[in-house]
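Raw contents of data.cif, mmCIF, C-alpha atoms:
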data_protein
#
loop_
_atom_site.label_atom_id
_atom_site.label_comp_id
_atom_site.auth_asym_id
_atom_site.auth_seq_id
_atom_site.Cartn_x
_atom_site.Cartn_y
_atom_site.Cartn_z
CA MET A 770 -152.36 174.45 22.85
CA SER A 771 -149.60 175.23 20.38
CA ASN A 772 -147.22 172.98 22.31
CA GLN A 773 -149.73 170.13 22.18
CA ARG A 774 -150.06 170.57 18.44
CA ALA A 775 -146.30 170.57 18.03
CA GLU A 776 -146.01 167.42 20.11
CA ALA A 777 -148.74 165.73 18.14
CA SER A 778 -146.98 166.64 14.93
CA SER A 779 -143.65 165.30 16.12
CA ASP A 780 -145.21 162.02 17.27
CA ALA A 781 -147.04 161.45 13.99
CA PRO A 782 -145.66 158.90 11.53
CA ALA A 783 -143.36 160.34 8.90
CA ASP A 784 -145.46 159.10 5.98
CA LEU A 785 -148.60 161.03 7.04
CA PRO A 786 -149.05 164.66 5.95
CA CYS A 787 -149.22 167.22 8.73
CA LEU A 788 -152.55 169.00 8.36
CA GLU A 789 -151.45 171.81 10.66
CA LYS A 790 -148.90 173.08 8.14
CA ILE A 791 -150.86 175.43 5.95
CA GLU A 792 -147.95 175.86 3.57
CA SER A 793 -147.61 172.10 3.09
CA PRO A 794 -147.93 171.11 -0.60
CA THR A 795 -149.97 168.07 0.39
CA GLY A 796 -152.62 170.27 1.93
CA SER A 797 -152.73 172.90 -0.79
CA PRO A 798 -155.77 173.01 -3.08
CA PRO A 799 -155.41 172.15 -6.76
CA THR A 800 -154.49 175.04 -9.00
CA THR A 801 -157.30 174.23 -11.46
CA SER A 802 -160.83 174.54 -10.14
CA LEU A 803 -163.57 172.07 -10.94
CA SER A 804 -165.58 174.75 -12.72
CA SER A 805 -162.57 175.53 -14.92
CA LEU A 806 -162.18 171.86 -15.83
CA MET A 807 -165.88 171.55 -16.63
CA GLU A 808 -165.73 174.68 -18.77
CA LEU A 809 -162.74 173.27 -20.62
CA GLU A 810 -164.52 169.95 -21.13
CA ASN A 811 -167.58 171.72 -22.55
CA CYS A 812 -165.36 173.76 -24.85
CA VAL A 813 -163.61 170.65 -26.18
CA SER A 814 -166.91 168.80 -26.49
CA ASN A 815 -168.52 171.60 -28.50
CA LEU A 816 -165.43 171.88 -30.67
CA SER A 817 -165.40 168.14 -31.38
CA LEU A 818 -169.11 168.08 -32.19
CA ALA A 819 -168.92 171.05 -34.55
CA HIS A 820 -165.83 169.62 -36.25
CA GLU A 821 -167.48 166.23 -36.75
CA ILE A 822 -170.62 167.81 -38.22
CA VAL A 823 -168.55 169.80 -40.71
CA VAL A 824 -166.10 167.07 -41.71
CA ASN A 825 -168.42 164.06 -41.70
CA GLY A 826 -171.26 164.58 -44.15
CA ASP A 827 -172.97 161.41 -42.89
CA PHE A 828 -172.82 162.41 -39.24
CA CYS A 829 -176.04 161.84 -37.37
CA PHE A 830 -177.12 161.28 -33.80
CA VAL A 831 -177.82 157.65 -32.91
CA PRO A 832 -179.19 156.93 -29.43
CA ARG A 833 -176.97 154.61 -27.46
CA SER A 834 -178.60 151.26 -26.80
CA PRO A 835 -176.75 148.58 -24.83
CA PRO A 836 -176.62 145.05 -26.29
CA THR A 837 -179.61 142.95 -25.27
CA ASN A 838 -177.46 140.15 -23.85
CA SER A 839 -175.20 142.47 -21.86
CA LEU A 840 -175.59 143.12 -18.15
CA GLU A 841 -176.49 146.74 -18.80
CA GLY A 842 -179.10 145.70 -21.35
CA ARG A 843 -180.71 143.20 -18.98
CA VAL A 844 -180.75 145.68 -16.10
CA LYS A 845 -182.32 148.32 -18.33
CA GLU A 846 -184.97 145.88 -19.52
CA ILE A 847 -185.80 144.77 -15.97
CA VAL A 848 -186.04 148.35 -14.70
CA HIS A 849 -188.30 149.42 -17.56
CA LEU A 850 -190.50 146.36 -17.12
CA ALA A 851 -190.79 147.01 -13.39
CA PHE A 852 -191.72 150.64 -14.03
CA TRP A 853 -194.53 149.84 -16.46
CA ASP A 854 -195.77 146.96 -14.29
CA SER A 855 -195.97 149.36 -11.36
CA LEU A 856 -197.96 151.82 -13.46
CA GLN A 857 -200.31 149.03 -14.55
CA GLU A 858 -200.84 148.05 -10.94
CA GLU A 859 -201.69 151.63 -9.99
CA LEU A 860 -204.21 151.98 -12.81
CA ASN A 861 -205.86 148.65 -11.90
CA ARG A 862 -206.70 149.83 -8.40
CA ASP A 863 -210.22 150.79 -7.43
CA PRO A 864 -210.29 153.74 -7.71
CA PRO A 865 -207.31 154.04 -10.08
CA ASN A 866 -204.22 155.90 -8.95
CA TYR A 867 -203.31 158.38 -11.69
CA ASN A 868 -200.40 160.11 -9.94
CA HIS A 869 -197.66 158.64 -12.11
CA ALA A 870 -199.84 158.73 -15.21
CA VAL A 871 -200.26 162.49 -14.79
CA ILE A 872 -196.50 162.90 -14.48
CA LEU A 873 -196.05 160.93 -17.70
CA LEU A 874 -198.67 163.04 -19.48
CA GLU A 875 -196.83 166.17 -18.39
CA GLU A 876 -193.61 164.75 -19.79
CA VAL A 877 -195.36 163.85 -23.05
CA LYS A 878 -196.60 167.43 -23.30
CA SER A 879 -193.07 168.71 -22.78
CA MET A 880 -191.67 166.37 -25.44
CA LEU A 881 -194.34 167.37 -27.94
CA GLY A 882 -193.66 171.02 -27.19
CA SER A 883 -189.97 170.52 -27.95
CA LEU A 884 -190.91 169.22 -31.41
CA LEU A 885 -192.99 172.27 -32.31
CA LEU A 886 -191.54 174.92 -34.59
CA PRO A 887 -192.13 178.66 -34.07
CA GLY A 888 -194.80 178.60 -36.77
CA HIS A 889 -196.90 175.97 -34.99
CA ILE A 890 -198.95 178.57 -33.13
CA ARG A 891 -202.34 176.85 -33.47
CA LEU A 892 -200.93 173.44 -32.65
CA ARG A 893 -199.23 174.82 -29.55
CA ALA A 894 -202.51 176.37 -28.44
CA GLN A 895 -204.31 173.04 -28.93
CA LEU A 896 -201.59 171.28 -26.96
CA ASP A 897 -201.98 173.69 -24.05
CA GLU A 898 -205.76 173.38 -24.20
CA VAL A 899 -206.09 169.60 -24.34
CA LEU A 900 -203.12 168.77 -22.11
CA ASP A 901 -203.99 171.38 -19.51
CA MET A 902 -202.27 169.83 -16.51
CA GLU A 903 -204.33 171.76 -13.98
CA LEU A 904 -207.55 170.55 -15.59
CA ILE A 905 -206.20 167.00 -15.79
CA ARG A 906 -205.42 167.03 -12.06
CA GLN A 907 -208.95 168.19 -11.33
CA GLN A 908 -210.30 165.35 -13.47
CA VAL A 909 -208.15 162.93 -11.49
CA GLU A 910 -209.59 164.22 -8.22
CA HIS A 911 -213.12 163.60 -9.51
CA ASN A 912 -212.19 160.27 -11.13
CA ALA A 913 -213.14 161.64 -14.55
CA LEU A 914 -209.84 161.32 -16.43
CA ASP A 915 -210.15 159.80 -19.90
CA LEU A 916 -206.70 158.53 -20.82
CA HIS A 917 -207.83 157.12 -24.16
CA ARG A 918 -209.16 160.50 -25.32
CA LEU A 919 -205.89 162.17 -24.38
CA ALA A 920 -203.94 159.38 -26.07
CA GLU A 921 -205.92 159.88 -29.29
CA PHE A 922 -205.07 163.58 -29.30
CA ILE A 923 -201.40 162.83 -28.60
CA ILE A 924 -201.21 160.28 -31.43
CA HIS A 925 -202.96 162.68 -33.82
CA THR A 926 -200.48 165.42 -32.89
CA MET A 927 -197.55 163.05 -33.35
CA ALA A 928 -198.86 162.09 -36.79
CA SER A 929 -198.86 165.75 -37.84
CA LEU A 930 -195.32 166.33 -36.56
CA CYS A 931 -193.44 163.14 -37.39
CA ALA A 932 -191.28 162.52 -40.42
CA PRO A 933 -192.78 160.26 -43.12
CA VAL A 934 -190.46 157.46 -42.06
CA ARG A 935 -192.24 157.35 -38.67
CA ASP A 936 -195.76 157.04 -40.08
CA PRO A 937 -195.90 153.23 -39.61
CA GLU A 938 -194.86 153.51 -35.94
CA VAL A 939 -197.44 156.22 -35.28
CA ARG A 940 -200.21 154.25 -37.02
CA ALA A 941 -199.29 151.20 -34.96
CA LEU A 942 -200.08 153.18 -31.80
CA GLN A 943 -203.73 153.34 -32.83
CA ASP A 944 -203.99 149.56 -32.50
CA LEU A 945 -202.92 149.61 -28.85
CA LYS A 946 -205.79 149.41 -26.37
CA GLY A 947 -204.40 149.36 -22.84
CA PRO A 948 -203.41 152.72 -21.31
CA VAL A 949 -200.01 151.41 -20.23
CA GLU A 950 -199.32 150.00 -23.68
CA LEU A 951 -200.36 153.32 -25.19
CA LEU A 952 -198.12 155.38 -22.93
CA ARG A 953 -195.19 153.03 -23.43
CA GLY A 954 -195.59 153.10 -27.20
CA ILE A 955 -196.01 156.88 -27.21
CA PHE A 956 -192.78 157.38 -25.30
CA HIS A 957 -190.93 155.02 -27.63
CA VAL A 958 -192.08 156.80 -30.79
CA LEU A 959 -191.55 160.24 -29.25
CA GLY A 960 -187.96 159.25 -28.55
CA LEU A 961 -187.52 158.35 -32.22
CA MET A 962 -189.11 161.64 -33.26
CA LYS A 963 -186.77 163.62 -31.02
CA THR A 964 -183.83 161.83 -32.64
CA ASP A 965 -185.20 162.74 -36.06
CA MET A 966 -185.53 166.37 -34.98
CA VAL A 967 -181.93 166.44 -33.73
CA ASN A 968 -180.64 165.01 -37.01
CA PHE A 969 -182.79 167.45 -38.99
CA THR A 970 -181.30 170.30 -36.98
CA ILE A 971 -177.79 168.99 -37.65
CA ARG A 972 -178.44 168.84 -41.39
CA SER A 973 -179.87 172.36 -41.31
CA LEU A 974 -176.90 173.75 -39.40
CA ARG A 975 -174.19 172.05 -41.47
CA PRO A 976 -174.06 174.66 -44.29
CA HIS A 977 -173.83 177.50 -41.76
CA LEU A 978 -171.19 175.67 -39.73
CA MET A 979 -169.11 175.02 -42.83
CA GLN A 980 -168.98 178.76 -43.50
CA GLN A 981 -167.84 179.54 -39.96
CA ALA A 982 -165.85 176.37 -39.22
CA VAL A 983 -162.35 177.84 -39.51
CA GLN A 984 -163.10 180.91 -37.42
CA TYR A 985 -165.02 178.88 -34.84
CA GLU A 986 -162.33 176.23 -34.37
CA ARG A 987 -159.61 178.87 -34.25
CA ALA A 988 -161.52 180.78 -31.56
CA LYS A 989 -162.13 177.62 -29.53
CA PHE A 990 -158.48 176.58 -29.73
CA GLN A 991 -157.46 180.06 -28.63
CA GLN A 992 -159.88 179.82 -25.73
CA ILE A 993 -158.30 176.53 -24.67
CA LEU A 994 -154.80 177.98 -25.03
CA ASP A 995 -155.69 180.99 -22.92
CA LYS A 996 -156.74 178.72 -20.07
CA HIS A 997 -154.02 176.08 -20.55
CA PRO A 998 -150.98 177.49 -22.39
CA ALA A 999 -149.18 174.12 -22.32
CA SER A 1000 -152.01 172.21 -23.99
CA LEU A 1001 -150.23 171.94 -27.38
CA GLU A 1002 -147.02 170.24 -26.28
CA ASN A 1003 -147.61 167.20 -28.49
CA THR A 1004 -148.35 169.40 -31.50
CA THR A 1005 -145.13 171.33 -30.94
CA ALA A 1006 -143.09 168.12 -30.72
CA TRP A 1007 -144.82 166.78 -33.84
CA LEU A 1008 -143.98 169.86 -35.91
CA GLN A 1009 -140.42 169.94 -34.59
CA ALA A 1010 -139.93 166.32 -35.66
CA ALA A 1011 -141.28 167.14 -39.11
CA ALA A 1012 -138.98 170.16 -39.38
CA SER A 1013 -135.95 168.10 -38.37
CA GLU A 1014 -136.75 165.50 -41.06
CA GLU A 1015 -137.32 168.18 -43.68
CA SER A 1016 -134.25 170.29 -42.90
CA PRO A 1017 -131.60 167.96 -44.45
CA ALA A 1018 -133.49 168.02 -47.73
CA THR A 1019 -133.60 171.81 -47.80
CA ASP A 1020 -130.08 172.69 -46.67
CA SER A 1021 -129.01 173.33 -50.23
CA ARG A 1022 -132.21 175.14 -51.19
CA GLY A 1023 -132.49 177.75 -48.48
CA PRO A 1024 -134.78 178.10 -45.45
CA LEU A 1025 -137.51 175.66 -44.53
CA SER A 1026 -140.87 176.12 -46.17
CA PRO A 1027 -143.84 176.04 -43.75
CA THR A 1028 -145.85 174.16 -46.36
CA ALA A 1029 -143.13 171.54 -46.73
CA VAL A 1030 -142.93 171.10 -42.96
CA LEU A 1031 -146.70 170.72 -42.72
CA ASN A 1032 -146.73 168.18 -45.56
CA ARG A 1033 -143.98 166.23 -43.83
CA ALA A 1034 -145.89 166.41 -40.55
CA TYR A 1035 -149.00 164.89 -42.08
CA THR A 1036 -146.86 162.23 -43.69
CA LEU A 1037 -145.62 161.35 -40.21
CA LEU A 1038 -149.21 160.86 -39.11
CA LEU A 1039 -149.61 158.18 -41.78
CA ARG A 1040 -146.71 156.32 -40.15
CA TRP A 1041 -147.76 156.98 -36.57
CA ASP A 1042 -147.28 154.24 -34.01
CA PRO A 1043 -150.75 153.25 -32.72
CA GLN A 1044 -149.27 152.70 -29.26
CA ASP A 1045 -147.93 156.26 -29.10
CA GLN A 1046 -150.31 158.27 -26.94
CA LYS A 1047 -148.64 161.63 -27.66
CA TYR A 1048 -150.84 162.36 -30.65
CA PRO A 1049 -150.89 166.01 -31.79
CA GLU A 1050 -153.75 167.84 -30.11
CA THR A 1051 -154.70 169.85 -33.20
CA VAL A 1052 -155.53 166.72 -35.22
CA LEU A 1053 -156.74 164.53 -32.38
CA MET A 1054 -160.37 164.85 -33.51
CA ASP A 1055 -159.42 163.37 -36.88
CA ARG A 1056 -157.29 160.53 -35.53
CA ALA A 1057 -159.79 157.81 -36.46
CA ARG A 1058 -159.94 159.05 -40.05
CA LEU A 1059 -156.16 159.42 -40.27
CA ASP A 1060 -155.62 155.95 -38.80
CA LEU A 1061 -157.99 154.50 -41.39
CA LEU A 1062 -156.12 156.34 -44.13
CA SER A 1063 -152.84 154.98 -42.75
CA GLN A 1064 -154.19 151.43 -42.83
CA GLN A 1065 -155.35 151.87 -46.42
CA LEU A 1066 -151.92 153.21 -47.35
CA GLN A 1067 -150.20 150.21 -45.76
CA LEU A 1068 -152.47 147.81 -47.63
CA LEU A 1069 -151.81 149.65 -50.87
CA VAL A 1070 -148.05 149.40 -50.34
CA LEU A 1071 -148.32 145.68 -49.62
CA GLU A 1072 -150.46 145.09 -52.70
CA ALA A 1073 -148.07 147.04 -54.90
CA SER A 1074 -145.10 145.16 -53.45
CA VAL A 1075 -146.65 141.75 -54.12
CA LEU A 1076 -147.65 142.70 -57.66
CA LEU A 1077 -144.24 144.17 -58.43
CA LEU A 1078 -142.40 141.17 -57.00
CA THR A 1079 -144.60 138.70 -58.86
CA CYS A 1080 -144.28 140.46 -62.18
CA THR A 1081 -140.50 140.85 -61.75
CA LEU A 1082 -139.83 137.20 -60.85
CA PHE A 1083 -142.08 135.47 -63.36
CA GLN A 1084 -142.18 137.87 -66.28
CA GLY A 1085 -140.77 136.15 -69.34
CA SER A 1086 -140.60 132.69 -67.79
CA VAL A 1087 -144.31 132.21 -67.17
CA PRO A 1088 -146.87 133.61 -69.60
CA PHE A 1089 -149.49 135.70 -67.82
CA PRO A 1090 -153.05 135.16 -69.08
CA GLN A 1091 -155.16 138.18 -69.84
CA GLY A 1092 -156.50 139.78 -66.68
CA PHE A 1093 -154.02 137.94 -64.46
CA VAL A 1094 -152.71 141.08 -62.74
CA GLY A 1095 -156.22 142.26 -61.93
CA LYS A 1096 -157.23 138.89 -60.47
CA LEU A 1097 -153.98 138.73 -58.50
CA ARG A 1098 -154.65 142.16 -57.07
CA GLN A 1099 -158.16 141.12 -56.02
CA SER A 1100 -156.80 137.98 -54.35
CA VAL A 1101 -154.09 139.90 -52.50
CA THR A 1102 -156.63 142.51 -51.38
CA ALA A 1103 -158.93 139.79 -50.05
CA LEU A 1104 -156.07 138.12 -48.18
CA LEU A 1105 -154.88 141.38 -46.63
CA GLU A 1106 -158.36 142.59 -45.72
CA GLY A 1107 -158.47 143.14 -41.97
CA SER A 1108 -154.78 142.30 -41.55
CA HIS A 1109 -154.24 145.48 -39.49
CA THR A 1110 -156.52 144.09 -36.78
CA ARG A 1111 -154.62 140.84 -36.38
#
Could I get this file's structure written as structure tokens?
Amino acid sequence: MSNQRAEASSDAPADLPCLEKIESPTGSPPTTSLSSLMELENCVSNLSLAHEIVVNGDFCFVPRSPPTNSLEGRVKEIVHLAFWDSLQEELNRDPPNYNHAVILLEEVKSMLGSLLLPGHIRLRAQLDEVLDMELIRQQVEHNALDLHRLAEFIIHTMASLCAPVRDPEVRALQDLKGPVELLRGIFHVLGLMKTDMVNFTIRSLRPHLMQQAVQYERAKFQQILDKHPASLENTTAWLQAAASEESPATDSRGPLSPTAVLNRAYTLLLRWDPQDQKYPETVLMDRARLDLLSQQLQLLVLEASVLLLTCTLFQGSVPFPQGFVGKLRQSVTALLEGSHTR
């Protein structure tokens, strides 16, 4: 058998890996496991989210919605329409088929439960009593399910839990008559309420995160470094470049100052080539903000250059009316607006 394997290996094309060679690099498993990569991704994701909450005071969660005219938007609309049409068809049967309706009611109960706070003891008890899924299934078996009564309770509960900004949407649910329309509207408004709850939680956590931000980010970065020691190569190169630029200016004044190197490094970020993908890892989460700051700096330099050149060339030969410099600056700003995107 071993001879046959050897012969098969020798007859195989040279560009195919030999699976019989256990020590072959092509057959060796990757050094990083999938679970390790997923753990690293979760770590980076949590770090980015916490950093954005702390740095961006206007940060809020906005559900992603594809454009209506896009392929994804049309597919989503068709799928949703088909789902609700199927539910309508089931409820129109004689006797009605409530299987999917019961599943939706159970999901509504779960969503309402996720909106309850620890102090909502009585409301939670009412929710368990009215939306008792075992009782609802028994009512379905005896064809005694009253969807409108359950919908009224759900809408009343939503009205007591929603933010004031959602009051019009909740009141609009009371005007819906069909069970499918009611369920569809309830799910839509519940989705908005869950978004409101997420944003409320973010606002509540922001002061606490700001107190622990430095320690948290330092711990997360250390966790990433422990798993991937070479994950700060770009940061190292960035700081080395800043130190090399700063060293000629400090030769006569003694050793390099860490603060001066760091200041020089951040100055380099304001002149960073957008095509350069080797962005420092430690400031990668702030790249969008730094790029915007860089664009504003470039526009400011251009404006100052135009104003200085204009005043230098025409001062004395052409009298400037009052407010001319301000109007010129506004005109230059308007002309240069969006120039970085062209």
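Near Arg906 (chain A), within a cut-off of 9 Å and counting only C-alpha atoms, sit the residues Tyr867, Asn868, Val871, Asp901, His911 and Leu914 of chain A, with same-chain residues fewer than 5 positions away left out.
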Original post:
Do you know which residues the PyMOL selection byres ((chain A and resi 1060) around 12) returns on this file, as a PyMOL selection string?
Top reply: chain A and resi 1035-1044+1048+1052-1059+1061-1067+1109
Please produce a file of the residues just selected, as a PDB file, in the frame of the given file, where the atoms kept are C-alpha atoms.
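File produced: out-v4.pdb:
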ATOM      1  CA  TYR A1035    -149.000 164.890 -42.080  1.00  0.00           C
ATOM      2  CA  THR A1036    -146.860 162.230 -43.690  1.00  0.00           C
ATOM      3  CA  LEU A1037    -145.620 161.350 -40.210  1.00  0.00           C
ATOM      4  CA  LEU A1038    -149.210 160.860 -39.110  1.00  0.00           C
ATOM      5  CA  LEU A1039    -149.610 158.180 -41.780  1.00  0.00           C
ATOM      6  CA  ARG A1040    -146.710 156.320 -40.150  1.00  0.00           C
ATOM      7  CA  TRP A1041    -147.760 156.980 -36.570  1.00  0.00           C
ATOM      8  CA  ASP A1042    -147.280 154.240 -34.010  1.00  0.00           C
ATOM      9  CA  PRO A1043    -150.750 153.250 -32.720  1.00  0.00           C
ATOM     10  CA  GLN A1044    -149.270 152.700 -29.260  1.00  0.00           C
ATOM     11  CA  TYR A1048    -150.840 162.360 -30.650  1.00  0.00           C
ATOM     12  CA  VAL A1052    -155.530 166.720 -35.220  1.00  0.00           C
ATOM     13  CA  LEU A1053    -156.740 164.530 -32.380  1.00  0.00           C
ATOM     14  CA  MET A1054    -160.370 164.850 -33.510  1.00  0.00           C
ATOM     15  CA  ASP A1055    -159.420 163.370 -36.880  1.00  0.00           C
ATOM     16  CA  ARG A1056    -157.290 160.530 -35.530  1.00  0.00           C
ATOM     17  CA  ALA A1057    -159.790 157.810 -36.460  1.00  0.00           C
ATOM     18  CA  ARG A1058    -159.940 159.050 -40.050  1.00  0.00           C
ATOM     19  CA  LEU A1059    -156.160 159.420 -40.270  1.00  0.00           C
ATOM     20  CA  LEU A1061    -157.990 154.500 -41.390  1.00  0.00           C
ATOM     21  CA  LEU A1062    -156.120 156.340 -44.130  1.00  0.00           C
ATOM     22  CA  SER A1063    -152.840 154.980 -42.750  1.00  0.00           C
ATOM     23  CA  GLN A1064    -154.190 151.430 -42.830  1.00  0.00           C
ATOM     24  CA  GLN A1065    -155.350 151.870 -46.420  1.00  0.00           C
ATOM     25  CA  LEU A1066    -151.920 153.210 -47.350  1.00  0.00           C
ATOM     26  CA  GLN A1067    -150.200 150.210 -45.760  1.00  0.00           C
ATOM     27  CA  HIS A1109    -154.240 145.480 -39.490  1.00  0.00           C
TER      28      HIS A1109
END
Subject >> Polymer residues at most 8 Å from region 957-973 of chain A, all atoms listed in the file, same-chain spacing of 3 or more positions, as a list in words >> reply: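 The filter keeps Ile822, Cys829, Phe830, Val831, Pro832, Met880, Leu881, Leu884, Met927, Cys931, Ala932, Arg935, Glu938, Val939, Arg953, Gly954, Pro976 and His977 of chain A.
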Hey, can you spit out that residue selection with C-alpha atoms as a PDB file, in the coordinates of the input?
ATOM      1  CA  ILE A 822    -170.620 167.810 -38.220  1.00  0.00           C
ATOM      2  CA  CYS A 829    -176.040 161.840 -37.370  1.00  0.00           C
ATOM      3  CA  PHE A 830    -177.120 161.280 -33.800  1.00  0.00           C
ATOM      4  CA  VAL A 831    -177.820 157.650 -32.910  1.00  0.00           C
ATOM      5  CA  PRO A 832    -179.190 156.930 -29.430  1.00  0.00           C
ATOM      6  CA  MET A 880    -191.670 166.370 -25.440  1.00  0.00           C
ATOM      7  CA  LEU A 881    -194.340 167.370 -27.940  1.00  0.00           C
ATOM      8  CA  LEU A 884    -190.910 169.220 -31.410  1.00  0.00           C
ATOM      9  CA  MET A 927    -197.550 163.050 -33.350  1.00  0.00           C
ATOM     10  CA  CYS A 931    -193.440 163.140 -37.390  1.00  0.00           C
ATOM     11  CA  ALA A 932    -191.280 162.520 -40.420  1.00  0.00           C
ATOM     12  CA  ARG A 935    -192.240 157.350 -38.670  1.00  0.00           C
ATOM     13  CA  GLU A 938    -194.860 153.510 -35.940  1.00  0.00           C
ATOM     14  CA  VAL A 939    -197.440 156.220 -35.280  1.00  0.00           C
ATOM     15  CA  ARG A 953    -195.190 153.030 -23.430  1.00  0.00           C
ATOM     16  CA  GLY A 954    -195.590 153.100 -27.200  1.00  0.00           C
ATOM     17  CA  PRO A 976    -174.060 174.660 -44.290  1.00  0.00           C
ATOM     18  CA  HIS A 977    -173.830 177.500 -41.760  1.00  0.00           C
TER      19      HIS A 977
END
**OP:** Spell out the residues picked by the PyMOL selection byres ((chain A and resi 921) around 12) here, as a list in words.
**Re:** Val899, Leu900, Asp915, Leu916, His917, Arg918, Leu919, Ala920, Phe922, Ile923, Ile924, His925, Thr926, Met927, Ala928, Val939, Arg940, Leu942, Gln943, Asp944, Leu945, Lys946, Pro948, Leu951, Leu952 and Ile955 of chain A
**OP:** Could you list the residues chosen by the PyMOL selection byres ((chain A and resi 993) around 12) in this structure as a count of residues only?
**Re:** 28
**OP:** State, in Å with one decimal place, the distance from CA of Glu950 (chain A) to CA of Arg893 (chain A).
**Re:**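 Separating CA of Glu950 (chain A) from CA of Arg893 (chain A) is a distance of 25.5 Å.
Residues with any atom within 10 Å of Ser1026 (chain A), counting all atoms listed in the file and excluding same-chain neighbours fewer than 5 positions away, are Ala1012, Glu1015, Ser1016, Thr1019, Leu1031 and Asn1032 of chain A.
Taking CA of Gln1009 (chain A) as the reference point, CA of Val1030 (chain A) is found at 8.8 Å.
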**OP:** Find the spatial neighbours of Val949 (chain A), counting only C-alpha atoms, within a cut-off of 8 Å - ignore same-chain residues fewer than 6 positions away - and output them as a PyMOL selection string.
**Re:** chain A and resi 853+856-857
Original post:
With only C-alpha atoms as the basis for distance, which of A:Gly1092, A:Leu892, A:Leu1071, A:Glu903 is at the shortest distance from Glu1106 (chain A)?
Top reply: A:Leu1071
